[in-house]
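To start, the structure under review is shown below, and the notes come after it.
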Amino acid sequence: MVSPKQLATALGVSESSLKRWADGGQIDAVRTAGGHRRIPLHEAVRFIRHMGLPVLHAQALGLAEQSLDLPDWRDRPGVCDAFHLAIEAGRAADALLILQSCYLAGWSVSAIADGPIREVLSRVGQLWQHAEWGIIVEHRATDICLQGLNMLRTFLPPRRGGAPVALGGAGGEDPYILPSLVAAVALADCGFNEINLGPLTPGRVLANAIAHYSPAIVWFSLSKAPKAEEVLAELALIRDAAVKAGAEVVAGGRAFAELPPIQMPGVHIAHSMAEIEALARARFQHLLSDHNLPNG
Ligand code: B12
């Protein structure tokens, strides 16, 4: 929780403006037992994004203070380059600050995942072919992105009773941790209650989880392709469980680019977080809260 004074300091506006916004209903504040207004962090973040306000003193909200010469947030290649420099040098604090600033500036989690995270990991993925050091950078980059995604999760509202469930994981032989996590956080950003089973989740485990949790949407990520027949068998198990639960299945990930085109009724193949977000919003908008900006 933050006080109106803390949010006012962060934004460089007067406390009275803040109280007026709270009293006018633009900010959802709660009252303490003593009658003081308090604003949940996720609500402060929603307000900042919604109003498009620059954050001058993030520290007042308990967030990392702006300490870098950062690019303009509309300059997506510039953001990727800045993130790349931080990631390749292993400067975790700088990398997290860039992701935090992107989100506060209005980017959606899916835009962050499809933009700097995907692009920079793809660049980092070239290094191992030239030097052993590259593998260390890949491991470190993965850990920094994990930290970043978990940080972004703290900016989102807590799970809501009644919100639709999104459930997913990566294939039974797929060790990659980030793709499934970005799907989880991107769908949480849209207002879903997400359940991420993560990497190395065999199709039958996902199918059992679908029967148990009755999700509205199921994601299946595949970065490492086993044989096409195995992928089809895994997908069929998931699709059949999803049909019983009345859920949509969306599959994606780098491996699908290496496999022959897959066409399975009841399974959407998508290539980005923007696509799964668009699909999820088109289908479930009426059940979702309006925390996120659809075009962020
Ligand atoms: C991190 C990494 C590793 C880490 C993995 C850590 C972990 N536990 O996750 C480590 C160091 C262990 C590793 C090991 C290896 N790796 Co590796 N790795 C990577 C790297 C750099 C990043 C992968 C990643 O997390 N990307 C971030 C995610 C978010 O991006 P993404 O996967 O592209 O996902 C996006 C889309 O595909 C889509 N998407 C993904 N899933 C889904 C799901 C749905 C439903 C939807 C809609 C969309 C969607 O949205 C995402 C966001 O835009 C990639 C390079 C690359 N191009 O990605 C190489 C890469 C995958 N690795 C590669 C290789 C060769 C290896 C090794 C064999 C050798 C090595 N480099 O050490 C080993 C073997 C690993 C194994 N056991 O199989 C190659 C694979 C080449 C190939 N086609 O076979 C790559 C492409 C690097 C390269 N250019 O050579 N790796």
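Labels for the structure tokens follow display order: chains A, B, ..., residues from 1 in each chain, ligands from 1.
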Problem set entry | Contact residues around Arg160 of chain A with only C-alpha atoms at 12 Å, ignoring same-chain residues under 5 positions, as a PyMOL selection string | chain A and resi 165+188+191-194+287-289+291
Using the selection just defined, write its residues with N, CA and C atoms as an mmCIF file, in the first residue's frame.
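Result went into part.cif, see below:
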data_model
loop_
_atom_site.group_PDB
_atom_site.id
_atom_site.type_symbol
_atom_site.label_atom_id
_atom_site.label_comp_id
_atom_site.auth_asym_id
_atom_site.auth_seq_id
_atom_site.Cartn_x
_atom_site.Cartn_y
_atom_site.Cartn_z
ATOM 1 N N VAL A 165 -9.782 -18.783 -15.537
ATOM 2 C CA VAL A 165 -8.463 -19.384 -15.286
ATOM 3 C C VAL A 165 -7.760 -19.634 -16.616
ATOM 4 N N ALA A 188 -2.042 -13.140 -17.075
ATOM 5 C CA ALA A 188 -2.386 -12.505 -15.783
ATOM 6 C C ALA A 188 -2.587 -11.009 -16.007
ATOM 7 N N GLY A 191 -5.915 -10.169 -16.925
ATOM 8 C CA GLY A 191 -6.951 -10.362 -15.902
ATOM 9 C C GLY A 191 -7.295 -11.810 -15.614
ATOM 10 N N PHE A 192 -6.558 -12.759 -16.229
ATOM 11 C CA PHE A 192 -6.809 -14.177 -15.937
ATOM 12 C C PHE A 192 -6.149 -14.568 -14.613
ATOM 13 N N ASN A 193 -6.703 -15.559 -13.942
ATOM 14 C CA ASN A 193 -5.994 -16.228 -12.848
ATOM 15 C C ASN A 193 -5.144 -17.306 -13.504
ATOM 16 N N GLU A 194 -3.823 -17.143 -13.472
ATOM 17 C CA GLU A 194 -2.985 -18.053 -14.248
ATOM 18 C C GLU A 194 -2.417 -19.179 -13.396
ATOM 19 N N LEU A 287 -15.337 -11.223 -19.213
ATOM 20 C CA LEU A 287 -15.053 -11.789 -17.880
ATOM 21 C C LEU A 287 -13.813 -11.160 -17.238
ATOM 22 N N LEU A 288 -13.109 -10.304 -18.000
ATOM 23 C CA LEU A 288 -11.821 -9.796 -17.526
ATOM 24 C C LEU A 288 -11.963 -8.423 -16.886
ATOM 25 N N SER A 289 -11.044 -8.123 -15.936
ATOM 26 C CA SER A 289 -11.045 -6.782 -15.342
ATOM 27 C C SER A 289 -10.318 -5.862 -16.318
ATOM 28 N N HIS A 291 -7.745 -3.876 -15.907
ATOM 29 C CA HIS A 291 -6.477 -3.356 -15.392
ATOM 30 C C HIS A 291 -5.534 -2.959 -16.508
#
Find the residues near segment 168-171 of chain A: any atom within 7 Å, counting only C-alpha atoms, skip ones fewer than 6 places away on the same chain, and give them as a compact mmCIF listing (two decimals) with N, CA and C atoms, in the first residue's frame.
# COMPACT_ATOMS: atom_id res chain seq x y z
N SER A 180 6.86 -20.41 -21.22
CA SER A 180 5.61 -20.68 -20.51
C SER A 180 5.32 -19.61 -19.47
N ILE A 195 -2.29 -20.34 -14.02
CA ILE A 195 -1.64 -21.49 -13.37
C ILE A 195 -0.59 -21.99 -14.35
N ASN A 196 0.67 -21.76 -14.00
CA ASN A 196 1.76 -22.13 -14.90
C ASN A 196 2.43 -23.41 -14.41
N LEU A 197 2.32 -24.48 -15.17
CA LEU A 197 2.97 -25.74 -14.77
C LEU A 197 4.43 -25.78 -15.23
N GLY A 198 4.82 -24.81 -16.05
CA GLY A 198 6.23 -24.65 -16.40
C GLY A 198 6.76 -25.68 -17.36
N PRO A 199 8.13 -25.77 -17.43
CA PRO A 199 8.74 -26.67 -18.42
C PRO A 199 8.57 -28.13 -18.04
N LEU A 200 8.89 -29.02 -18.99
CA LEU A 200 8.89 -30.48 -18.75
C LEU A 200 7.56 -30.98 -18.20
N THR A 201 6.47 -30.51 -18.80
CA THR A 201 5.14 -30.95 -18.36
C THR A 201 4.54 -31.86 -19.45
N PRO A 202 4.52 -33.18 -19.22
CA PRO A 202 3.97 -34.07 -20.25
C PRO A 202 2.50 -33.76 -20.53
N GLY A 203 2.06 -34.06 -21.76
CA GLY A 203 0.68 -33.77 -22.16
C GLY A 203 -0.35 -34.36 -21.20
N VAL A 218 -6.11 -22.59 -22.40
CA VAL A 218 -4.93 -23.42 -22.11
C VAL A 218 -3.84 -23.00 -23.09
N TRP A 219 -2.63 -22.73 -22.56
CA TRP A 219 -1.51 -22.49 -23.49
C TRP A 219 -0.56 -23.68 -23.42
N PHE A 220 0.06 -23.93 -24.55
CA PHE A 220 1.05 -25.02 -24.63
C PHE A 220 2.24 -24.48 -25.40
N SER A 221 3.38 -24.44 -24.73
CA SER A 221 4.56 -23.85 -25.36
C SER A 221 5.55 -24.95 -25.71
N LEU A 222 6.13 -24.83 -26.88
CA LEU A 222 7.10 -25.83 -27.32
C LEU A 222 8.30 -25.12 -27.95
Each chain A residue no farther than 8 Å from ligand 1, nearest pair in Å, only C-alpha atoms and all ligand atoms, as CSV:
residue,atom,partner,partner_atom_place_in_ligand_line,distance
A:Ser110,CA,ligand 1,52 (C),7.3
A:Ala113,CA,ligand 1,52 (C),4.7
A:Asp114,CA,ligand 1,53 (O),3.4
A:Gly115,CA,ligand 1,53 (O),6.8
A:Ile117,CA,ligand 1,29 (C),6.0
A:Arg118,CA,ligand 1,30 (O),4.2
A:Glu119,CA,ligand 1,30 (O),7.6
A:Leu121,CA,ligand 1,21 (C),4.6
A:Ser122,CA,ligand 1,57 (N),3.6
A:Arg123,CA,ligand 1,55 (C),7.0
A:Val124,CA,ligand 1,21 (C),5.4
A:Gly125,CA,ligand 1,21 (C),3.6
A:Gln126,CA,ligand 1,89 (N),4.7
A:Leu127,CA,ligand 1,88 (C),8.0
A:Trp128,CA,ligand 1,71 (N),5.5
A:Gln129,CA,ligand 1,90 (O),6.9
A:Gly134,CA,ligand 1,71 (N),7.6
A:Ile135,CA,ligand 1,72 (O),5.2
A:Ile136,CA,ligand 1,11 (C),7.0
A:Val137,CA,ligand 1,11 (C),7.9
A:Glu138,CA,ligand 1,1 (C),4.8
A:His139,CA,ligand 1,11 (C),4.8
A:Ala141,CA,ligand 1,1 (C),6.9
A:Thr142,CA,ligand 1,1 (C),5.3
A:Ala170,CA,ligand 1,41 (N),7.8
A:Asp174,CA,ligand 1,78 (O),7.1
A:Pro175,CA,ligand 1,8 (N),5.3
A:Tyr176,CA,ligand 1,9 (O),3.4
A:Ile177,CA,ligand 1,9 (O),3.9
A:Leu178,CA,ligand 1,25 (O),4.6
A:Pro179,CA,ligand 1,29 (C),4.2
A:Ser180,CA,ligand 1,41 (N),6.0
A:Val182,CA,ligand 1,29 (C),6.2
A:Ala183,CA,ligand 1,43 (C),6.4
A:Pro199,CA,ligand 1,8 (N),7.9
A:Val218,CA,ligand 1,45 (C),7.9
A:Trp219,CA,ligand 1,45 (C),4.4
A:Phe220,CA,ligand 1,45 (C),4.9
A:Ser221,CA,ligand 1,43 (C),3.8
A:Leu222,CA,ligand 1,41 (N),6.0
A:Ser223,CA,ligand 1,32 (O),5.8
A:Lys224,CA,ligand 1,78 (O),6.6
A:Val250,CA,ligand 1,45 (C),4.9
A:Ala251,CA,ligand 1,45 (C),4.0
A:Gly252,CA,ligand 1,44 (C),3.5
A:Gly253,CA,ligand 1,40 (C),3.3
A:Arg254,CA,ligand 1,37 (O),4.4
A:Ala255,CA,ligand 1,83 (N),7.4
A:Glu258,CA,ligand 1,83 (N),7.4
A:Ile269,CA,ligand 1,47 (C),6.8
A:Ala270,CA,ligand 1,47 (C),4.3
A:His271,CA,ligand 1,48 (C),4.7
A:Ser272,CA,ligand 1,50 (O),4.0
A:Met273,CA,ligand 1,50 (O),4.9
A:Ala274,CA,ligand 1,47 (C),7.8
A:Glu275,CA,ligand 1,47 (C),6.2
A:Ile276,CA,ligand 1,47 (C),4.8
Requested write-out: C-alpha atoms of the selected residues, as a JSON list (two decimals), in the first residue's frame:
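The resulting file, selection13.json, is shown below:
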[["chain", "number", "residue", "atom", "x", "y", "z"],
["A", 110, "SER", "CA", 2.96, -9.35, -23.98],
["A", 113, "ALA", "CA", 7.82, -10.46, -23.93],
["A", 114, "ASP", "CA", 7.55, -10.19, -27.73],
["A", 115, "GLY", "CA", 9.88, -7.15, -27.71],
["A", 117, "ILE", "CA", 12.80, -10.34, -23.88],
["A", 118, "ARG", "CA", 12.39, -12.35, -27.10],
["A", 119, "GLU", "CA", 14.68, -10.15, -29.19],
["A", 121, "LEU", "CA", 17.46, -13.62, -25.82],
["A", 122, "SER", "CA", 17.57, -14.38, -29.50],
["A", 123, "ARG", "CA", 20.69, -12.19, -29.83],
["A", 124, "VAL", "CA", 22.26, -13.75, -26.74],
["A", 125, "GLY", "CA", 21.49, -17.19, -28.20],
["A", 126, "GLN", "CA", 24.06, -16.58, -30.97],
["A", 127, "LEU", "CA", 26.97, -16.21, -28.56],
["A", 128, "TRP", "CA", 27.51, -19.85, -27.62],
["A", 129, "GLN", "CA", 28.54, -20.70, -31.19],
["A", 134, "GLY", "CA", 27.97, -17.50, -24.36],
["A", 135, "ILE", "CA", 26.36, -20.35, -22.44],
["A", 136, "ILE", "CA", 27.04, -18.55, -19.16],
["A", 137, "VAL", "CA", 25.40, -15.43, -20.61],
["A", 138, "GLU", "CA", 22.33, -17.52, -21.64],
["A", 139, "HIS", "CA", 21.93, -18.92, -18.14],
["A", 141, "ALA", "CA", 20.01, -13.84, -19.07],
["A", 142, "THR", "CA", 17.34, -16.42, -18.29],
["A", 170, "ALA", "CA", 5.79, -26.42, -21.87],
["A", 174, "ASP", "CA", 11.02, -29.08, -23.23],
["A", 175, "PRO", "CA", 13.38, -27.60, -20.61],
["A", 176, "TYR", "CA", 12.81, -23.93, -21.53],
["A", 177, "ILE", "CA", 11.40, -22.01, -18.58],
["A", 178, "LEU", "CA", 10.75, -18.51, -19.96],
["A", 179, "PRO", "CA", 8.22, -19.12, -22.78],
["A", 180, "SER", "CA", 5.61, -20.68, -20.51],
["A", 182, "VAL", "CA", 5.78, -15.17, -20.25],
["A", 183, "ALA", "CA", 2.46, -16.69, -21.37],
["A", 199, "PRO", "CA", 8.74, -26.67, -18.42],
["A", 218, "VAL", "CA", -4.93, -23.42, -22.11],
["A", 219, "TRP", "CA", -1.51, -22.49, -23.49],
["A", 220, "PHE", "CA", 1.05, -25.02, -24.63],
["A", 221, "SER", "CA", 4.56, -23.85, -25.36],
["A", 222, "LEU", "CA", 7.10, -25.83, -27.32],
["A", 223, "SER", "CA", 10.65, -24.59, -27.79],
["A", 224, "LYS", "CA", 12.33, -27.93, -28.33],
["A", 250, "VAL", "CA", -3.46, -22.06, -27.94],
["A", 251, "ALA", "CA", -0.11, -23.59, -28.82],
["A", 252, "GLY", "CA", 3.03, -21.74, -29.81],
["A", 253, "GLY", "CA", 6.76, -21.46, -29.44],
["A", 254, "ARG", "CA", 9.89, -21.73, -31.54],
["A", 255, "ALA", "CA", 9.54, -25.46, -32.17],
["A", 258, "GLU", "CA", 10.65, -26.26, -37.25],
["A", 269, "ILE", "CA", -1.33, -22.17, -33.35],
["A", 270, "ALA", "CA", -0.02, -18.69, -32.53],
["A", 271, "HIS", "CA", 3.42, -17.12, -32.80],
["A", 272, "SER", "CA", 3.53, -14.39, -30.21],
["A", 273, "MET", "CA", 2.16, -13.25, -26.88],
["A", 274, "ALA", "CA", 0.34, -10.46, -28.73],
["A", 275, "GLU", "CA", -1.59, -13.13, -30.64],
["A", 276, "ILE", "CA", -2.59, -15.15, -27.59]]
Exercise. Can you tell me how far atom CA of Glu132 of chain A sits from atom CA of Glu88 of chain A, in Å to one decimal?
Worked result: 14.0 Å
Exercise. Looking at only C-alpha atoms, which of A:Val120, A:Ala209, A:Leu152, A:Leu18 is the one that sits closest to Ile87 of chain A?
Worked result: A:Val120
Exercise. Hey, what does DSSP flag as strand (DSSP E) within segment 49-254 of chain A? Can you give it to me as a PyMOL selection string?
Worked result: chain A and resi 165-170+193-198+217-221+248-252
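Closest approach to Leu146 of chain A from the set A:Ala257, A:Ala163, A:Ala105, A:Leu99 is made by A:Leu99, with distances taken over only C-alpha atoms.
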Exercise. Neighbours of segment 76-79 of chain A within 10 Å (only C-alpha atoms; same-chain residues fewer than 5 positions away dropped), as a ChimeraX atom specification?
Worked result: /A:70-71,84,98-99,102,111-112,115-116,119
Dump as an mmCIF file, in the first residue's frame, selection limited to C-alpha atoms:
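Result saved to selection17.cif:
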data_model
loop_
_atom_site.group_PDB
_atom_site.id
_atom_site.type_symbol
_atom_site.label_atom_id
_atom_site.label_comp_id
_atom_site.auth_asym_id
_atom_site.auth_seq_id
_atom_site.Cartn_x
_atom_site.Cartn_y
_atom_site.Cartn_z
ATOM 1 C CA LEU A 70 16.989 5.324 -20.774
ATOM 2 C CA PRO A 71 15.611 5.541 -24.321
ATOM 3 C CA HIS A 84 20.679 -6.035 -24.601
ATOM 4 C CA ILE A 98 14.213 -1.162 -18.027
ATOM 5 C CA LEU A 99 11.387 -3.707 -17.722
ATOM 6 C CA CYS A 102 8.475 -0.150 -19.909
ATOM 7 C CA ALA A 111 4.673 -6.389 -25.686
ATOM 8 C CA ILE A 112 7.615 -6.704 -23.279
ATOM 9 C CA GLY A 115 9.878 -7.153 -27.711
ATOM 10 C CA PRO A 116 12.955 -6.896 -25.499
ATOM 11 C CA GLU A 119 14.678 -10.150 -29.187
#
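Shell of Ala29 of chain A at 10 Å, with only C-alpha atoms counted and residues fewer than 6 places along the chain excluded, is Met1, Val2, Ser3, Pro4, Lys19, Trp21, Ala22, Asp23, His36, Arg37, Arg38, Ile39, Pro40, Glu43 and Ala44 of chain A.
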Using only C-alpha atoms, please write the residues we just selected to a file, as a JSON list (two decimals), in the first residue's frame.
[["chain", "number", "residue", "atom", "x", "y", "z"],
["A", 1, "MET", "CA", 0.00, 0.00, 0.00],
["A", 2, "VAL", "CA", 1.18, 3.55, -0.64],
["A", 3, "SER", "CA", -0.12, 6.81, 0.78],
["A", 4, "PRO", "CA", -1.43, 9.64, -1.42],
["A", 19, "LYS", "CA", -6.67, 13.24, -2.92],
["A", 21, "TRP", "CA", -8.37, 12.00, -7.91],
["A", 22, "ALA", "CA", -9.02, 9.50, -5.13],
["A", 23, "ASP", "CA", -12.23, 11.27, -4.04],
["A", 36, "HIS", "CA", -6.30, 7.68, 6.11],
["A", 37, "ARG", "CA", -6.36, 6.88, 2.39],
["A", 38, "ARG", "CA", -4.10, 4.07, 1.17],
["A", 39, "ILE", "CA", -3.60, 2.94, -2.42],
["A", 40, "PRO", "CA", -2.62, -0.64, -3.30],
["A", 43, "GLU", "CA", -3.79, 0.37, -8.29],
["A", 44, "ALA", "CA", -1.09, 3.06, -8.26]]
For this session: Enumerate the residues of segment 49-217 of chain A with a DSSP assignment of alpha helix (DSSP H), computed from the backbone, and present them as a PyMOL selection string.
Result: chain A and resi 49-51+76-88+92-104+109-112+118-124+133-154+178-189+203-213
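Picture a line from atom CA of Ser17 of chain A to atom CA of Ala58 of chain A; it runs 18.2 Å.
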Exercise. Any idea what's packed within 10 Å of Ala236 of chain A, counting only C-alpha atoms, ignoring anything in its chain fewer than 5 positions away? Could you give it as a list in words?
Worked result: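 Here the answer would be Gly203, Arg204, Ala207, Glu230, Val231, Ala241, Ala242, Met264, Pro265, Gly266 and Val267 of chain A.
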Exercise. With only C-alpha atoms as the basis for distance, which of A:Thr154, A:Trp73, A:Arg140, A:Ala225 is at the shortest distance from Ala86 of chain A?
Worked result: A:Arg140
Exercise. What is the distance between atom CA of His42 of chain A and atom CA of Pro157 of chain A, in Å to one decimal?
Worked result: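 The value is 5.3 Å.
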Exercise. Restricting the calculation to only C-alpha atoms, which member of A:Ser108, A:His268, A:Gln66, A:Arg283 is positioned closest to Phe256 of chain A?
Worked result: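 Result for the nearest residue to Phe256 of chain A: A:His268.
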Exercise. Looking at A:Glu277, A:Glu15, A:Asp143, A:Glu234, which one is nearest to Ala92 of chain A, with distances taken over only C-alpha atoms?
Worked result: A:Asp143
Exercise. Which residue out of A:Ile210, A:Ala8, A:Ala93, A:Ala228 has the minimum interatomic distance to Val243 of chain A when only C-alpha atoms are used?
Worked result: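 Comparing A:Ile210, A:Ala8, A:Ala93, A:Ala228 against Val243 of chain A, the winner is A:Ile210.
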